[in-house]
Amino acid sequence: MKAIILAGGSGTRLWPLSRKQYPKQLLKIEGDMSLLQSTFSRALELVPAENIISITNIEQAGDVKLQLNAIKSGSLVISEQISKNTAPAIATALKTLDENTNDDEIILILPCDHLIKNIADFTYSMQAAQRLANAGFIVTFGVKPSYAETGYGYIQTGEKCENGYKVKRFVEKPSEKTAAEFVRTPDFYWNSGIFMGKLSTFKNEFQKHAPQIDEEISFDYAVLEKSDNIALIELKSDWVDVGSWQSLYSVNAKDENNNVITGNVITNDVKNSLIYSSKELIAVSGLENIILVETEDAIMACRKDRAQDVKVLHDKLKEKASETVELHKTVFRPWGYYTCLNRGDGYQTKMICVHPGQKLSIQSHNHRSEHWVVLEGTACVILDDVTHTLEAGKSIDIPVKAIHSLQNPYETDLKIIEVQKGSILLESDIIRYQDMYNRI
């Protein structure tokens with residue numbers, strides 16, 4: 001077996017916690033591992049690291065590599081220049097596998113935004129599905145619905161085959177009334193988004209139903225809903241698609257008033273709600289069934305039963321080119337963190353903190369220059385093979401295309417102000433030559 005992890009996406013329904021350049025799959029939603037790392041760990045129960053391909057977009061590739069290498073090195077990460085959807089991502093990963101994989105090899109496709117705690121039952125379900133996969137089906141994994149969720153896709157099963165069922169039809173994100181009917185009907189399942197099949201089966205179904213797949217379209221629309229070669233096996237383990245604040249509420253521990261409270265929050269007569277503060281005090285009184293989220297640069301509030309509408313808010317902000325859909329103000333890196341202080345047409349200002357003994361990669365930029373001013377600590381700057389030691393108050397210019405590194409070999413935090421100037425001010429304009437965190 002080989003595995004494909006779908007590690008792209010922007011997690012728009014979990015805005016403002018999830019942002020395009022650091023989305024939900026990179027966040028530690030529960031426990032010490034991110035959703036991506038948890039998915040990778042589950043895959044390791046079935047296949048070795050060298051048989052796992054993770055596909056993401058170019059803006060997230062560095063963080064994806066860093067997080068996976070923290071668990072086990074040896075897996076391949078490939079990145080798309082432009083994020084589209086699951087169908088082009090799967091097609092790209094299959095093409096990569098096709099170069100050195102037998103057509104009869106079983107391929108397991110895993111989204112990386114699931115919470116699954118019962119690893120033993122998950123592994124059992126994956127192994128049980130191989131019988132159907134070897135019989136030539138694309139296998140989907142269905143979850144018995146426990147409530148009328150309108151944000152999930154549903155699958156209706158037909159006649160029994162092998163140790164599963166043939167799929168009769170797919171229904172994408174039904175109305176609340178229809179979802180309630182599905183919950184009462186025994187042959188309907190939630191679509192987990194996990195798939196399995198032989199490499200030859202996936203290739204044949206793509207060739208038959210989506211031979212020129214380069215559109216922004218999901219795998220469900222492109223292939224599954226058109227094919228009569230789809231089977232379902234019930235996923236026996238627990239499963240939560242962390243796709244919305246409602247789903248996050250459902251998996252977290254509740255207090256005596258059935259609230260999920262995180263951070264600096266004071267409540268009075270508040271029930272059945274999720275309130276999240278990253279920094280500022282939130283004081284709430286006399287409300288029920290709400291979601292209220294505060295981050296450094298945004299506040300989002302909605303009724304709990306309207307959690308899916310967060311995507312509408314996100315899309316409206318995207319139309320206005322709001323920076324809040326792209327970046328968090330503070331971004332954590334293995335060497336420390338940076339906070340975006342200001343940004344305008346052709347410039348950006350950051351405060352960068354490098355922890356003791358840490359260093360940024362040796363890198364260059366094709367589209368921007370940088371000016372560094374030391375605020376606290378002592379900076380060791382490598383600029384075109386020349387080492388500069390800068391105390392607080394000193395500064396240095398980093399020209400476009402100059403090879404450089406910011407390092408802190410000392411015992412206290414290093415803090416600098418960085419002023420970027422150029423036509424492209426994105427993390428994608430980093431060309432790494434050497435990196436202690438294996439992000440090359």
# chains A, B, ... in the order shown; residues from 1 in each chain; ligands from 1
>>> select_by_dssp(residues="region 303-335 of chain A", states="helix (DSSP H, G or I)", output="list of chain:residue names")
A:Lys304, A:Asp305, A:Arg306, A:Ala307, A:Gln308, A:Asp309, A:Val310, A:Lys311, A:Val312, A:Leu313, A:His314, A:Asp315, A:Lys316, A:Leu317, A:Lys318, A:Glu319, A:Glu323, A:Thr324, A:Val325
>>> residues_around(residues="Ala49 (chain A)", least_positions_apart="3", cutoff="7 Å", atoms="only C-alpha atoms", output="PyMOL selection string")
chain A and resi 44+52+72+74-75
>>> write_last_selection(atoms="N, CA and C atoms", output="compact mmCIF listing (two decimals), in the first residue's frame")
# COMPACT_ATOMS: atom_id res chain seq x y z
N LEU A 44 1.27 6.08 9.03
CA LEU A 44 2.44 5.27 9.37
C LEU A 44 2.07 3.93 9.98
N ILE A 52 4.65 7.40 1.52
CA ILE A 52 3.63 8.42 1.73
C ILE A 52 3.98 9.67 0.94
N LYS A 72 8.87 11.95 11.31
CA LYS A 72 9.74 10.95 10.66
C LYS A 72 10.12 11.46 9.29
N GLY A 74 11.76 11.12 5.39
CA GLY A 74 11.73 10.12 4.33
C GLY A 74 10.52 10.19 3.44
N SER A 75 9.49 10.94 3.82
CA SER A 75 8.31 11.04 2.98
C SER A 75 8.48 12.18 1.98
>>> closest_residue(among="A:Val400, A:Ile58, A:Ala210, A:Leu26", to="Leu426 (chain A)", atoms="only C-alpha atoms")
A:Ile58
>>> residues_around(residues="region 255-265 of chain A", least_positions_apart="3", cutoff="12 Å", atoms="only C-alpha atoms", output="tab-separated table (two decimals) with N, CA and C atoms, in the first residue's frame")
chain	number	residue	atom	x	y	z
A	29	ILE	N	-5.17	21.44	16.95
A	29	ILE	CA	-6.57	21.57	17.35
A	29	ILE	C	-6.82	20.85	18.66
A	245	TRP	N	-16.52	25.68	13.12
A	245	TRP	CA	-16.50	25.92	14.56
A	245	TRP	C	-17.50	25.02	15.27
A	246	GLN	N	-18.57	24.64	14.60
A	246	GLN	CA	-19.54	23.71	15.18
A	246	GLN	C	-18.88	22.36	15.45
A	247	SER	N	-18.10	21.85	14.49
A	247	SER	CA	-17.43	20.57	14.69
A	247	SER	C	-16.37	20.67	15.77
A	248	LEU	N	-15.70	21.81	15.86
A	248	LEU	CA	-14.71	22.01	16.91
A	248	LEU	C	-15.39	22.03	18.28
A	249	TYR	N	-16.55	22.66	18.35
A	249	TYR	CA	-17.33	22.66	19.59
A	249	TYR	C	-17.70	21.24	19.99
A	250	SER	N	-18.07	20.42	19.03
A	250	SER	CA	-18.56	19.07	19.33
A	250	SER	C	-17.49	18.16	19.93
A	251	VAL	N	-16.21	18.40	19.63
A	251	VAL	CA	-15.16	17.48	20.09
A	251	VAL	C	-14.44	17.96	21.34
A	252	ASN	N	-14.69	19.19	21.78
A	252	ASN	CA	-13.99	19.71	22.94
A	252	ASN	C	-14.78	19.50	24.24
A	268	ASN	N	-21.11	35.18	32.16
A	268	ASN	CA	-22.22	35.22	33.11
A	268	ASN	C	-23.49	34.78	32.39
A	269	ASP	N	-24.07	33.68	32.86
A	269	ASP	CA	-25.31	33.17	32.27
A	269	ASP	C	-25.14	32.94	30.76
A	270	VAL	N	-24.07	32.24	30.40
A	270	VAL	CA	-23.80	31.87	29.00
A	270	VAL	C	-23.89	30.35	28.90
A	271	LYS	N	-24.57	29.84	27.88
A	271	LYS	CA	-24.78	28.40	27.76
A	271	LYS	C	-24.57	27.94	26.31
A	272	ASN	N	-24.15	26.67	26.19
A	272	ASN	CA	-24.09	25.98	24.89
A	272	ASN	C	-23.31	26.77	23.83
A	273	SER	N	-22.20	27.36	24.24
A	273	SER	CA	-21.47	28.26	23.34
A	273	SER	C	-19.99	27.92	23.29
A	274	LEU	N	-19.33	28.39	22.23
A	274	LEU	CA	-17.88	28.31	22.10
A	274	LEU	C	-17.33	29.73	22.07
A	275	ILE	N	-16.42	30.03	23.01
A	275	ILE	CA	-15.80	31.36	23.07
A	275	ILE	C	-14.29	31.17	23.13
A	276	TYR	N	-13.61	31.79	22.18
A	276	TYR	CA	-12.16	31.60	22.03
A	276	TYR	C	-11.47	32.96	22.02
A	277	SER	N	-10.51	33.14	22.93
A	277	SER	CA	-9.72	34.36	22.97
A	277	SER	C	-8.25	34.01	22.83
A	278	SER	N	-7.58	34.63	21.88
A	278	SER	CA	-6.15	34.41	21.72
A	278	SER	C	-5.33	35.34	22.60
A	279	LYS	N	-5.91	36.50	22.97
A	279	LYS	CA	-5.14	37.48	23.73
A	279	LYS	C	-6.03	38.40	24.57
A	280	GLU	N	-6.97	39.08	23.94
A	280	GLU	CA	-7.76	40.11	24.62
A	280	GLU	C	-8.85	39.48	25.51
A	281	LEU	N	-9.24	40.23	26.54
A	281	LEU	CA	-10.33	39.79	27.41
A	281	LEU	C	-11.66	39.83	26.65
A	282	ILE	N	-12.43	38.74	26.74
A	282	ILE	CA	-13.78	38.70	26.21
A	282	ILE	C	-14.73	38.51	27.39
A	283	ALA	N	-15.67	39.43	27.57
A	283	ALA	CA	-16.68	39.35	28.63
A	283	ALA	C	-18.03	39.17	27.98
A	284	VAL	N	-18.75	38.11	28.35
A	284	VAL	CA	-20.02	37.77	27.70
A	284	VAL	C	-21.08	37.50	28.77
A	285	SER	N	-22.28	38.00	28.55
A	285	SER	CA	-23.36	37.79	29.50
A	285	SER	C	-24.68	37.54	28.77
A	287	LEU	N	-26.05	35.09	26.90
A	287	LEU	CA	-26.15	34.58	25.53
A	287	LEU	C	-26.13	33.05	25.52
A	288	GLU	N	-26.76	32.48	24.51
A	288	GLU	CA	-26.76	31.03	24.34
A	288	GLU	C	-26.50	30.69	22.88
A	289	ASN	N	-25.91	29.52	22.68
A	289	ASN	CA	-25.75	28.95	21.33
A	289	ASN	C	-25.03	29.91	20.38
A	290	ILE	N	-23.91	30.47	20.84
A	290	ILE	CA	-23.13	31.37	19.99
A	290	ILE	C	-21.71	30.86	19.84
A	291	ILE	N	-21.06	31.37	18.82
A	291	ILE	CA	-19.61	31.18	18.64
A	291	ILE	C	-18.99	32.56	18.57
A	292	LEU	N	-17.98	32.81	19.40
A	292	LEU	CA	-17.30	34.09	19.45
A	292	LEU	C	-15.80	33.83	19.49
A	293	VAL	N	-15.09	34.35	18.49
A	293	VAL	CA	-13.67	34.07	18.34
A	293	VAL	C	-12.90	35.37	18.19
A	294	GLU	N	-11.83	35.52	18.99
A	294	GLU	CA	-10.96	36.70	18.90
A	294	GLU	C	-9.55	36.26	18.59
A	295	THR	N	-8.95	36.86	17.55
A	295	THR	CA	-7.53	36.71	17.27
A	295	THR	C	-6.91	38.11	17.31
A	304	LYS	N	-24.43	29.44	16.70
A	304	LYS	CA	-23.77	28.16	16.54
A	304	LYS	C	-24.35	27.35	15.38
>>> atom_distance(atom1="CA of Gln37 (chain A)", atom2="CA of Val139 (chain A)")
23.9 Å
>>> closest_residue(among="A:His355, A:Tyr124, A:Gly62, A:Leu115", to="Glu30 (chain A)", atoms="only C-alpha atoms")
A:Leu115
>>> atom_distance(atom1="CA of Arg169 (chain A)", atom2="CA of Thr157 (chain A)")
7.1 Å
>>> residues_around(residues="Ser73 (chain A)", least_positions_apart="4", cutoff="12 Å", atoms="only C-alpha atoms", output="list of chain:residue names")
A:Phe40, A:Leu44, A:Pro48, A:Ala49, A:Glu50, A:Asn51, A:Ile52, A:Ile53, A:Val64, A:Lys65, A:Leu66, A:Gln67, A:Leu68, A:Asn69, A:Val77, A:Tyr437, A:Asn438, A:Arg439
>>> closest_residue(among="A:Ile424, A:Ala61, A:Leu341, A:Leu327", to="His367 (chain A)", atoms="only C-alpha atoms")
A:Ile424
